[in-house]
Amino acid sequence: MKVGILGLAASGKSTLFRLLTGQRSTGAPARRDTAQVGVARVPDPRLVALSALYEPRKETPAAVTYVDVPGIPEEHRRETAFNLPEMRATDVLMVVLRAFADEAVPHPMGSLDPLRDLRYIEEEFILQDQLVVEKRLERIRRDLAKRKAPELVRELELLERCLTVLESERPLRAEGFDAEDHKRLRGFTFLSLKPMLVAVNLGEAEIASDPFSDECWAEWRERPQMAFTQVCATLEGELAELDGPDTAAFMEDLGITDRALDRVIRESYRLLGLISFFTVGEDECRAWSVGSGTPAVEAGGVIHSDIQRGFIRAEVVPYDELLGAGSLATCRQRGTLRLEGKTYPVRDGEVVHFRFNV
Ligand SMILES: Nc1nc2c(ncn2[C@@H]2O[C@H](COP(=O)(O)OP(=O)(O)O)[C@@H](O)[C@H]2O)c(=O)[nH]1
Ligand SMILES: [Mg+2]
């Protein structure tokens, strides 16, 4: 599961990518030929609390993988890198919109207007998808003229529905396809079908402002499969240089209560459709990622294929019950530790202990 970072040139994508994935800036602007891939740890106070209880040798949070596009040469700055195979292979798109002013860094459109940039980017997604659909439809019609395959007819109908949506300038993510349709559409890697996280990159003077308060954002904020957040890349960079008590003091001075990067990572995780369950012990306390509704036996398989193969039972307790009780043994006594079978859908925030036998 990956999040692709997209946006116009000089919106702060690479800067945010480095900050999210904990890579130090080299100072030089990144102008690489290949997409960069990096991993961010998902901040989770529940895991921190469980670790405080168990004092394990190792604490392992969940992770989100980010992909940054290569630098775009000057002459192609308006033709964004949206169509790179690395971007198509992602599950969520994080669109970075520039709202910071800096005369030393020219904006490719000549002025600051995050909503205009978002509209432009969304139009680009829709256009790219439309090209893919039209090409495939042409092919299907040609094949159908030769032989009437029911599978092809179904695909034709689905793609015609997609075309109607795209021609009315709407993204596919808003269309509400069912699971079956999603499965059929997956291979096309449509850009406008991917959930979208909009991250407005603010200037330092604006950090306390809400860039989405204007009326013109209202309609966007109601759209499905989207999330909106703001961040100030330079400020997050400064925070990353500090540690411990310095950070807290600095944040207090600025009047900010939470790290924008944490918010970005958490929203990314949510849009990826992932939930966390925990395993605990003196060796390791760990958050594991599964899709919402994943049956216990498959959740066990995420940890080890042996657990899936030899699954007997899952012992399950919500993390806050465990924190209140102090140990799994006490939960067992209190009757809050439940025994669940293979098909039990694991829920966010549950501590799970798998019993298996191979
Ligand atoms: N003032 C200011 N400059 C920024 C901010 N974010 C990025 N930049 C600068 O803008 C330039 C382009 O940033 P970069 O991350 O490479 O943009 P990309 O082309 O979207 O990957 C760099 O010189 C950054 O230092 C910000 O929040 N404030
Ligand atoms: Mg870049």
# chains A, B, ... in the order shown; residues from 1 in each chain; ligands from 1

$ residues_around --residues "segment 283-285 of chain A" --least-positions-apart "6" --cutoff "10 Å" --atoms "only C-alpha atoms" --output "number ranges by chain"
A: 47-48, 50-61, 351

$ write_last_selection --atoms "C-alpha atoms" --output "compact mmCIF listing (two decimals), in the first residue's frame"
# COMPACT_ATOMS: atom_id res chain seq x y z
CA LEU A 47 0.97 1.79 20.90
CA VAL A 48 2.99 4.16 23.06
CA LEU A 50 0.91 -0.35 25.46
CA SER A 51 4.70 -0.10 25.35
CA ALA A 52 4.68 1.83 28.62
CA LEU A 53 2.85 -1.14 30.14
CA TYR A 54 5.06 -3.91 28.71
CA GLU A 55 8.39 -2.07 28.44
CA PRO A 56 9.33 -4.22 25.43
CA ARG A 57 12.78 -4.37 23.87
CA LYS A 58 11.26 -3.17 20.65
CA GLU A 59 8.33 -0.97 19.67
CA THR A 60 7.24 -1.27 16.05
CA PRO A 61 4.65 1.14 14.68
CA VAL A 351 -4.91 -6.37 20.95

$ closest_atom_pairs --of "segment 65-151 of chain A" --to "segment 157-173 of chain A" --cutoff "12 Å" --atoms "only C-alpha atoms" --output "Markdown table"
| residue | atom | partner | partner_atom | distance |
| --- | --- | --- | --- | --- |
| A:Asp91 | CA | A:Arg173 | CA | 11.8 |
| A:Val92 | CA | A:Arg173 | CA | 10.8 |
| A:Leu93 | CA | A:Arg173 | CA | 11.5 |
| A:Arg119 | CA | A:Glu169 | CA | 10.6 |
| A:Tyr120 | CA | A:Glu169 | CA | 11.6 |
| A:Ile121 | CA | A:Pro171 | CA | 11.2 |
| A:Glu122 | CA | A:Pro171 | CA | 7.5 |
| A:Glu123 | CA | A:Glu169 | CA | 7.2 |
| A:Glu124 | CA | A:Glu169 | CA | 10.2 |
| A:Phe125 | CA | A:Pro171 | CA | 7.7 |
| A:Ile126 | CA | A:Pro171 | CA | 5.9 |
| A:Leu127 | CA | A:Leu166 | CA | 7.6 |
| A:Gln128 | CA | A:Leu166 | CA | 9.8 |
| A:Asp129 | CA | A:Leu166 | CA | 7.7 |
| A:Gln130 | CA | A:Leu166 | CA | 6.2 |
| A:Leu131 | CA | A:Leu163 | CA | 9.5 |
| A:Val132 | CA | A:Leu163 | CA | 9.8 |
| A:Val133 | CA | A:Leu159 | CA | 6.4 |
| A:Glu134 | CA | A:Leu163 | CA | 7.6 |
| A:Lys135 | CA | A:Leu159 | CA | 10.5 |
| A:Arg136 | CA | A:Leu159 | CA | 8.3 |
| A:Leu137 | CA | A:Leu159 | CA | 7.0 |
| A:Glu138 | CA | A:Leu159 | CA | 10.7 |
| A:Arg139 | CA | A:Leu159 | CA | 11.7 |
| A:Ile140 | CA | A:Leu159 | CA | 9.9 |
| A:Arg141 | CA | A:Glu157 | CA | 11.1 |
| A:Pro150 | CA | A:Glu157 | CA | 10.7 |
| A:Glu151 | CA | A:Glu157 | CA | 10.1 |

$ residues_around --residues "Val352 of chain A" --least-positions-apart "2" --cutoff "7 Å" --atoms "only C-alpha atoms" --output "list in words"
Phe277, Phe278, Thr279, Ala314, Glu315, Val316, Val317, Glu350 and Phe354 of chain A

$ select_by_dssp --residues "segment 238-281 of chain A" --states "helix (DSSP H, G or I)" --output "VMD selection string"
chain A and resid 238 to 241 244 to 254 260 to 271

$ closest_atom_pairs --of "chain A" --to "ligand 1" --cutoff "10 Å" --atoms "only C-alpha atoms and all ligand atoms" --output "tab-separated table"
residue	atom	partner	partner_atom_place_in_ligand_line	distance
A:Ile5	CA	ligand 1	20 (O)	8.9
A:Leu6	CA	ligand 1	20 (O)	7.8
A:Gly7	CA	ligand 1	20 (O)	6.4
A:Leu8	CA	ligand 1	20 (O)	6.2
A:Ala9	CA	ligand 1	19 (O)	4.0
A:Ala10	CA	ligand 1	19 (O)	3.5
A:Ser11	CA	ligand 1	20 (O)	4.0
A:Gly12	CA	ligand 1	15 (O)	3.3
A:Lys13	CA	ligand 1	20 (O)	3.7
A:Ser14	CA	ligand 1	21 (O)	3.7
A:Thr15	CA	ligand 1	15 (O)	3.6
A:Leu16	CA	ligand 1	15 (O)	6.4
A:Phe17	CA	ligand 1	15 (O)	7.8
A:Arg18	CA	ligand 1	15 (O)	8.5
A:Leu19	CA	ligand 1	15 (O)	9.9
A:Ser25	CA	ligand 1	25 (O)	9.4
A:Gly27	CA	ligand 1	25 (O)	8.1
A:Ala28	CA	ligand 1	23 (O)	8.4
A:Pro29	CA	ligand 1	16 (O)	5.4
A:Ala30	CA	ligand 1	16 (O)	6.0
A:Arg31	CA	ligand 1	16 (O)	8.2
A:Asp68	CA	ligand 1	21 (O)	7.8
A:Val69	CA	ligand 1	21 (O)	7.6
A:Pro70	CA	ligand 1	21 (O)	7.9
A:Gly71	CA	ligand 1	19 (O)	6.2
A:Ile72	CA	ligand 1	19 (O)	7.6
A:Arg77	CA	ligand 1	19 (O)	9.4
A:Val95	CA	ligand 1	20 (O)	9.9
A:Val96	CA	ligand 1	20 (O)	7.4
A:Leu97	CA	ligand 1	20 (O)	8.8
A:Arg98	CA	ligand 1	6 (N)	8.0
A:Ala99	CA	ligand 1	27 (O)	8.0
A:Phe100	CA	ligand 1	28 (N)	5.3
A:Ala101	CA	ligand 1	1 (N)	6.3
A:Asp102	CA	ligand 1	1 (N)	5.4
A:Glu103	CA	ligand 1	1 (N)	8.9
A:Ala104	CA	ligand 1	23 (O)	7.9
A:Val105	CA	ligand 1	11 (C)	5.8
A:Pro106	CA	ligand 1	11 (C)	8.6
A:His107	CA	ligand 1	10 (O)	9.2
A:Pro108	CA	ligand 1	19 (O)	10.0
A:Val200	CA	ligand 1	27 (O)	9.3
A:Asn201	CA	ligand 1	27 (O)	5.5
A:Leu202	CA	ligand 1	27 (O)	5.6
A:Gly203	CA	ligand 1	28 (N)	5.1
A:Glu204	CA	ligand 1	28 (N)	6.7
A:Ala205	CA	ligand 1	28 (N)	9.8
A:Ile207	CA	ligand 1	27 (O)	9.8
A:Val231	CA	ligand 1	27 (O)	7.7
A:Cys232	CA	ligand 1	27 (O)	4.7
A:Ala233	CA	ligand 1	27 (O)	3.9
A:Thr234	CA	ligand 1	27 (O)	4.5
A:Leu235	CA	ligand 1	27 (O)	7.1
A:Glu236	CA	ligand 1	27 (O)	8.4
A:Gly237	CA	ligand 1	27 (O)	8.9

$ select_by_dssp --residues "segment 126-279 of chain A" --states "strand (DSSP E)" --output "number ranges by chain"
A: 196-202, 226-231, 274-279

$ closest_residue --among "A:Asp210, A:Asp320, A:Asp306, A:Glu180" --to "Arg355 of chain A" --atoms "only C-alpha atoms"
A:Asp306
